[in-house]
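Trainee: First the structure, which I've put down as structure tokens, then a few questions once you've had a look.
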Amino acid sequence: MTENSRPPSVDTLARSLSQTGLPHPICVDVSREAIEAGDPDSAMTRAIAYRRTLLTPVVNATGVLLHTNLGRAPIDHRQQPVASTVEFDLGSGERGSRQVAVGQLFARLCGAEAAMVVNNNAAAVLLVVAALAAGRDVPVSRGESVEIGGSFRVPEVIEQSGARLVDVGTTNRTRLADYQRAVARSEVDAAMVLKVHPSNYRVEGFVEETSIADLATLDVPVVADVGSGLIDATCPWIKGPPPAWLAGEPAVVQSLDAGADLVTFSGDKLLGGPQAGIIVGSTKLVELCKRHPLARALRPGALVLSALQETALTYLRKEASTIIPFWQMVATPLTELETRAKRIAVAVEQVHPSAAATPTRALAGAGSAPGVTMPSYGVVVDGDHLAMLRGHARPVIARSRDQQTTFDLRSVDPADDAVVIDALLARA
């Protein structure tokens, strides 16, 4: 715009941004900002930048299968815009409970007496402690009094529940005798014992922890937060033995079998479903959680319940390895990943002569199996191209180190290989 020219009207400039797909009121705001800045020609750039602040589909080429910043477990769920029996009993024709449908499936899947669902695992822990121990004491090993991302700290969750935390043992070693002494102290009114899986780190060396089986000998309920959502350590939904990288990861079925009265876990991690917190175990204790006032504040909506129902049914049909995207990524043969990597490298070699297929190491992510990786294959090109890749029409999220960009294909849907190629060729 020249010094003497008049800027376009806000409305005219806003209408010129319609191709961005943004609602007209947003285009008006963007246009007004551009004109007030004395640079109406920047309106389109500003509109595109605004659009990229919205939730945007991306290609996850990081090799982190459950990337917390990218939505954790990818799910394929479609729901018809029709009414459903969220809180309606078809038998009686009266109001029902939104916990019945999905709760009964997860109880069956986990071998538990009962189950219920809330909106995430932090909410599940909060609700359980509030329902079982408000105004009373909760012994927790010092080595399990952890922070698990997003400032989710066990001591603060217990404090918000109205219970009191009792530290037990030491950071690296906590024995059954430590719990026994804590529960027996006259000033401690233990309502339950909480065992927390420190899902995003490992302590190695001179360490000792108390098993659920040993904790079950105490005269108080045992609640286990296994976090990652591994339903069964034997992985009956896949062919062959469980993956080696899952060794040591606590599972729901085995935790209940060992004597846990309640187990809490996430829906969007190793389970491979939507974000949710699931509570399974004793009917009596689950009912206490259902009746607590927080249960209504933490309850999920119909969309989450519907997606969780499909997830549970998929596991019960033993189809998880072929239907749930996370387990499909896990099951992809290394030879297939290598073939895809070589194909991509050849496709982009004119623009990126350094492109090469290379072995990589992927990981589950989202705090699952911390420090453990699985073999994978990817493509490496010289240079740090992360910003350019994020600016692609369909952003590609990769990783860069030592002036090399790596695309790990275990976390990439095969249908998105073409997007990776287009993003790399876009540099031309």
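FYI, nothing fancy with the structure tokens labels: chains A, B, ... in order, residues from 1 per chain, ligands from 1 as they appear.
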Taking 5 positions as the minimum chain separation for residues in the same chain, which residues sit within 12 Å of Gln104 in chain A when counting only C-alpha atoms? Answer as a ChimeraX atom specification.
Mentor: /A:97-99,109-117,278-281,283,308-309,312-313,316
Trainee: As a PyMOL selection string, which residues of range 74-150 of chain A does DSSP assign to strand (DSSP E)?
Mentor: chain A and resi 114-118+137-141
Trainee: How would the residues just chosen look if you wrote them out with C-alpha atoms as a PDB file, in the first residue's frame?
Mentor:
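Output file again32.pdb follows:
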ATOM      1  CA  ALA A 114     -17.489 -53.444  38.269  1.00  0.00           C
ATOM      2  CA  ALA A 115     -16.135 -50.478  36.315  1.00  0.00           C
ATOM      3  CA  MET A 116     -16.848 -46.823  35.621  1.00  0.00           C
ATOM      4  CA  VAL A 117     -15.475 -44.090  33.361  1.00  0.00           C
ATOM      5  CA  VAL A 118     -14.412 -40.487  33.963  1.00  0.00           C
ATOM      6  CA  ASP A 137      -4.858 -40.783  55.454  1.00  0.00           C
ATOM      7  CA  VAL A 138      -3.404 -42.370  52.307  1.00  0.00           C
ATOM      8  CA  PRO A 139       0.034 -44.042  52.594  1.00  0.00           C
ATOM      9  CA  VAL A 140       2.119 -43.671  49.398  1.00  0.00           C
ATOM     10  CA  SER A 141       5.708 -44.741  48.795  1.00  0.00           C
TER      11      SER A 141
END
Trainee: From the options A:Pro155, A:Gly21, A:Gly277, A:Pro198, which residue's atoms come nearest to Asn120 in chain A, counting only C-alpha atoms?
Mentor: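 Closest to Asn120 in chain A of all the choices is A:Gly277.
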Trainee: Quick one: residues within 10 Å of Glu208 in chain A, only C-alpha atoms counted, chain neighbours fewer than 6 positions away excluded, as an mmCIF file with N, CA and C atoms, in the first residue's frame?
Mentor:
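Saved file around-v1.cif follows:
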data_model
loop_
_atom_site.group_PDB
_atom_site.id
_atom_site.type_symbol
_atom_site.label_atom_id
_atom_site.label_comp_id
_atom_site.auth_asym_id
_atom_site.auth_seq_id
_atom_site.Cartn_x
_atom_site.Cartn_y
_atom_site.Cartn_z
ATOM 1 N N GLY A 143 8.882 -43.142 46.649
ATOM 2 C CA GLY A 143 9.320 -43.364 45.271
ATOM 3 C C GLY A 143 8.187 -43.301 44.264
ATOM 4 N N GLY A 169 8.473 -45.204 53.363
ATOM 5 C CA GLY A 169 9.733 -45.683 52.818
ATOM 6 C C GLY A 169 10.631 -44.556 52.346
ATOM 7 N N THR A 170 11.491 -44.876 51.363
ATOM 8 C CA THR A 170 12.423 -43.897 50.797
ATOM 9 C C THR A 170 12.212 -43.815 49.289
ATOM 10 N N THR A 171 12.932 -42.904 48.659
ATOM 11 C CA THR A 171 12.765 -42.706 47.223
ATOM 12 C C THR A 171 13.059 -43.971 46.435
ATOM 13 N N ASN A 172 14.112 -44.707 46.833
ATOM 14 C CA ASN A 172 14.529 -45.861 46.043
ATOM 15 C C ASN A 172 14.122 -47.208 46.628
ATOM 16 N N ARG A 173 13.762 -47.256 47.919
ATOM 17 C CA ARG A 173 13.407 -48.549 48.515
ATOM 18 C C ARG A 173 12.238 -48.391 49.481
ATOM 19 N N THR A 174 11.170 -49.125 49.199
ATOM 20 C CA THR A 174 10.012 -49.148 50.091
ATOM 21 C C THR A 174 9.571 -50.595 50.256
ATOM 22 N N ARG A 175 9.578 -51.052 51.512
ATOM 23 C CA ARG A 175 9.240 -52.444 51.810
ATOM 24 C C ARG A 175 7.843 -52.540 52.422
#
Trainee: Using only C-alpha atoms, which protein or nucleic acid residues come within 10 Å of Val154 in chain A? Drop anything in the same chain fewer than 6 positions from it, and give the result as a ChimeraX atom specification.
Mentor: /A:122,125-126,140,144-148,160,165,194,196
Trainee: List as a PDB file with N, CA and C atoms, in the first residue's frame the protein and nucleic acid residues near His385 in chain A, meaning an atom at most 9 Å away when only C-alpha atoms are counted, but skip any in the same chain fewer than 3 places from it.
Mentor:
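What follows is the written file part-v3.pdb:
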ATOM      1  N   VAL A 381      17.453 -37.236   6.201  1.00  0.00           N
ATOM      2  CA  VAL A 381      17.955 -36.296   5.191  1.00  0.00           C
ATOM      3  C   VAL A 381      18.817 -35.256   5.898  1.00  0.00           C
ATOM      4  N   ASP A 382      19.807 -34.767   5.206  1.00  0.00           N
ATOM      5  CA  ASP A 382      20.681 -33.740   5.778  1.00  0.00           C
ATOM      6  C   ASP A 382      19.917 -32.435   5.974  1.00  0.00           C
ATOM      7  N   MET A 388      10.103 -26.015   8.004  1.00  0.00           N
ATOM      8  CA  MET A 388       9.523 -26.158   6.673  1.00  0.00           C
ATOM      9  C   MET A 388       8.441 -27.229   6.656  1.00  0.00           C
ATOM     10  N   LEU A 389       8.690 -28.338   7.337  1.00  0.00           N
ATOM     11  CA  LEU A 389       7.726 -29.433   7.383  1.00  0.00           C
ATOM     12  C   LEU A 389       6.453 -29.035   8.127  1.00  0.00           C
ATOM     13  N   ARG A 390       6.605 -28.244   9.178  1.00  0.00           N
ATOM     14  CA  ARG A 390       5.424 -27.787   9.920  1.00  0.00           C
ATOM     15  C   ARG A 390       4.584 -26.819   9.094  1.00  0.00           C
ATOM     16  N   ALA A 398       8.466 -34.204  12.492  1.00  0.00           N
ATOM     17  CA  ALA A 398       9.583 -35.158  12.514  1.00  0.00           C
ATOM     18  C   ALA A 398      10.504 -34.796  13.675  1.00  0.00           C
ATOM     19  N   ARG A 399      11.727 -35.288  13.650  1.00  0.00           N
ATOM     20  CA  ARG A 399      12.684 -34.914  14.683  1.00  0.00           C
ATOM     21  C   ARG A 399      14.033 -34.607  14.029  1.00  0.00           C
ATOM     22  N   SER A 400      14.802 -33.734  14.669  1.00  0.00           N
ATOM     23  CA  SER A 400      16.065 -33.289  14.096  1.00  0.00           C
ATOM     24  C   SER A 400      17.166 -33.355  15.143  1.00  0.00           C
ATOM     25  N   GLN A 403      21.919 -31.564  12.743  1.00  0.00           N
ATOM     26  CA  GLN A 403      21.670 -31.109  11.373  1.00  0.00           C
ATOM     27  C   GLN A 403      21.248 -32.241  10.440  1.00  0.00           C
ATOM     28  N   GLN A 404      20.470 -33.163  10.999  1.00  0.00           N
ATOM     29  CA  GLN A 404      19.826 -34.196  10.189  1.00  0.00           C
ATOM     30  C   GLN A 404      18.375 -34.335  10.645  1.00  0.00           C
ATOM     31  N   THR A 405      17.480 -34.510   9.688  1.00  0.00           N
ATOM     32  CA  THR A 405      16.060 -34.681  10.001  1.00  0.00           C
ATOM     33  C   THR A 405      15.674 -36.136   9.773  1.00  0.00           C
ATOM     34  N   LEU A 424       8.657 -33.072   1.578  1.00  0.00           N
ATOM     35  CA  LEU A 424      10.091 -32.972   1.280  1.00  0.00           C
ATOM     36  C   LEU A 424      10.348 -32.375  -0.095  1.00  0.00           C
TER      37      LEU A 424
END
Trainee: Give me the range 301-355 of chain A side of the contact with range 228-247 of chain A, cut-off 7 Å, one line per residue showing its nearest atom pair and distance in Å at one decimal, counting only C-alpha atoms, sorted by chain and residue number, as a Markdown table.
Mentor:
| residue | atom | partner | partner_atom | distance |
| --- | --- | --- | --- | --- |
| A:Tyr315 | CA | A:Trp237 | CA | 6.7 |
| A:Lys318 | CA | A:Trp237 | CA | 4.5 |
| A:Glu319 | CA | A:Trp237 | CA | 6.2 |
| A:Ala320 | CA | A:Trp237 | CA | 5.8 |
| A:Ser321 | CA | A:Ile238 | CA | 5.6 |
Trainee: Tell me, in Å to one decimal, how far CA of Val166 in chain A is from CA of Val263 in chain A.
Mentor: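 Spanning CA of Val166 in chain A to CA of Val263 in chain A is a straight-line distance of 19.9 Å.
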Trainee: Find, counting only C-alpha atoms, the residue in A:Leu285, A:Ala43, A:Ala224, A:Ala251 that gets nearest to Ala133 in chain A.
Mentor: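 Of A:Leu285, A:Ala43, A:Ala224, A:Ala251, the one nearest Ala133 in chain A, counting only C-alpha atoms, is A:Leu285.
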Trainee: Give me the residues near Pro370 in chain A as a PyMOL selection string, where near means some atom within 12 Å (using only C-alpha atoms) and where sequence neighbours in that chain fewer than 5 positions away do not count.
Mentor: chain A and resi 64+148+197-203+228+245-250+362-365
Trainee: Taking C-alpha atoms for each residue, export the selection above as a PDB file, in the first residue's frame.
Mentor:
ATOM      1  CA  VAL A  64       6.688 -41.689  19.365  1.00  0.00           C
ATOM      2  CA  ILE A 148       3.514 -37.236  35.622  1.00  0.00           C
ATOM      3  CA  HIS A 197       3.205 -46.576  38.550  1.00  0.00           C
ATOM      4  CA  PRO A 198       5.901 -43.920  37.874  1.00  0.00           C
ATOM      5  CA  SER A 199       5.122 -44.128  34.191  1.00  0.00           C
ATOM      6  CA  ASN A 200       7.511 -41.583  32.707  1.00  0.00           C
ATOM      7  CA  TYR A 201      10.796 -42.580  34.345  1.00  0.00           C
ATOM      8  CA  ARG A 202      12.667 -45.534  35.787  1.00  0.00           C
ATOM      9  CA  VAL A 203      14.789 -45.858  38.926  1.00  0.00           C
ATOM     10  CA  SER A 228      -0.676 -46.628  30.826  1.00  0.00           C
ATOM     11  CA  TRP A 245       9.344 -53.704  25.147  1.00  0.00           C
ATOM     12  CA  LEU A 246       6.283 -54.317  27.350  1.00  0.00           C
ATOM     13  CA  ALA A 247       8.259 -56.370  29.884  1.00  0.00           C
ATOM     14  CA  GLY A 248       7.690 -54.960  33.349  1.00  0.00           C
ATOM     15  CA  GLU A 249       4.786 -52.723  32.348  1.00  0.00           C
ATOM     16  CA  PRO A 250       1.973 -53.164  34.927  1.00  0.00           C
ATOM     17  CA  ALA A 362      10.617 -45.984  18.140  1.00  0.00           C
ATOM     18  CA  LEU A 363       8.943 -45.833  21.518  1.00  0.00           C
ATOM     19  CA  ALA A 364       5.435 -46.161  22.878  1.00  0.00           C
ATOM     20  CA  GLY A 365       5.351 -42.694  24.451  1.00  0.00           C
TER      21      GLY A 365
END
Trainee: Give me, as a list in words, all polymer residues having an atom no more than 9 Å from Pro7 in chain A, counting only C-alpha atoms and skipping those fewer than 3 positions away in the same chain.
Mentor: Met1, Val10, Ile35, Gly38, Asp39 and Pro40 of chain A
Trainee: If you run DSSP on the backbone, which residues of range 142-271 of chain A are helix (DSSP H, G or I), as a ChimeraX atom specification?
Mentor: /A:142-144,154-161,176-184,212-215,244-246,252-257
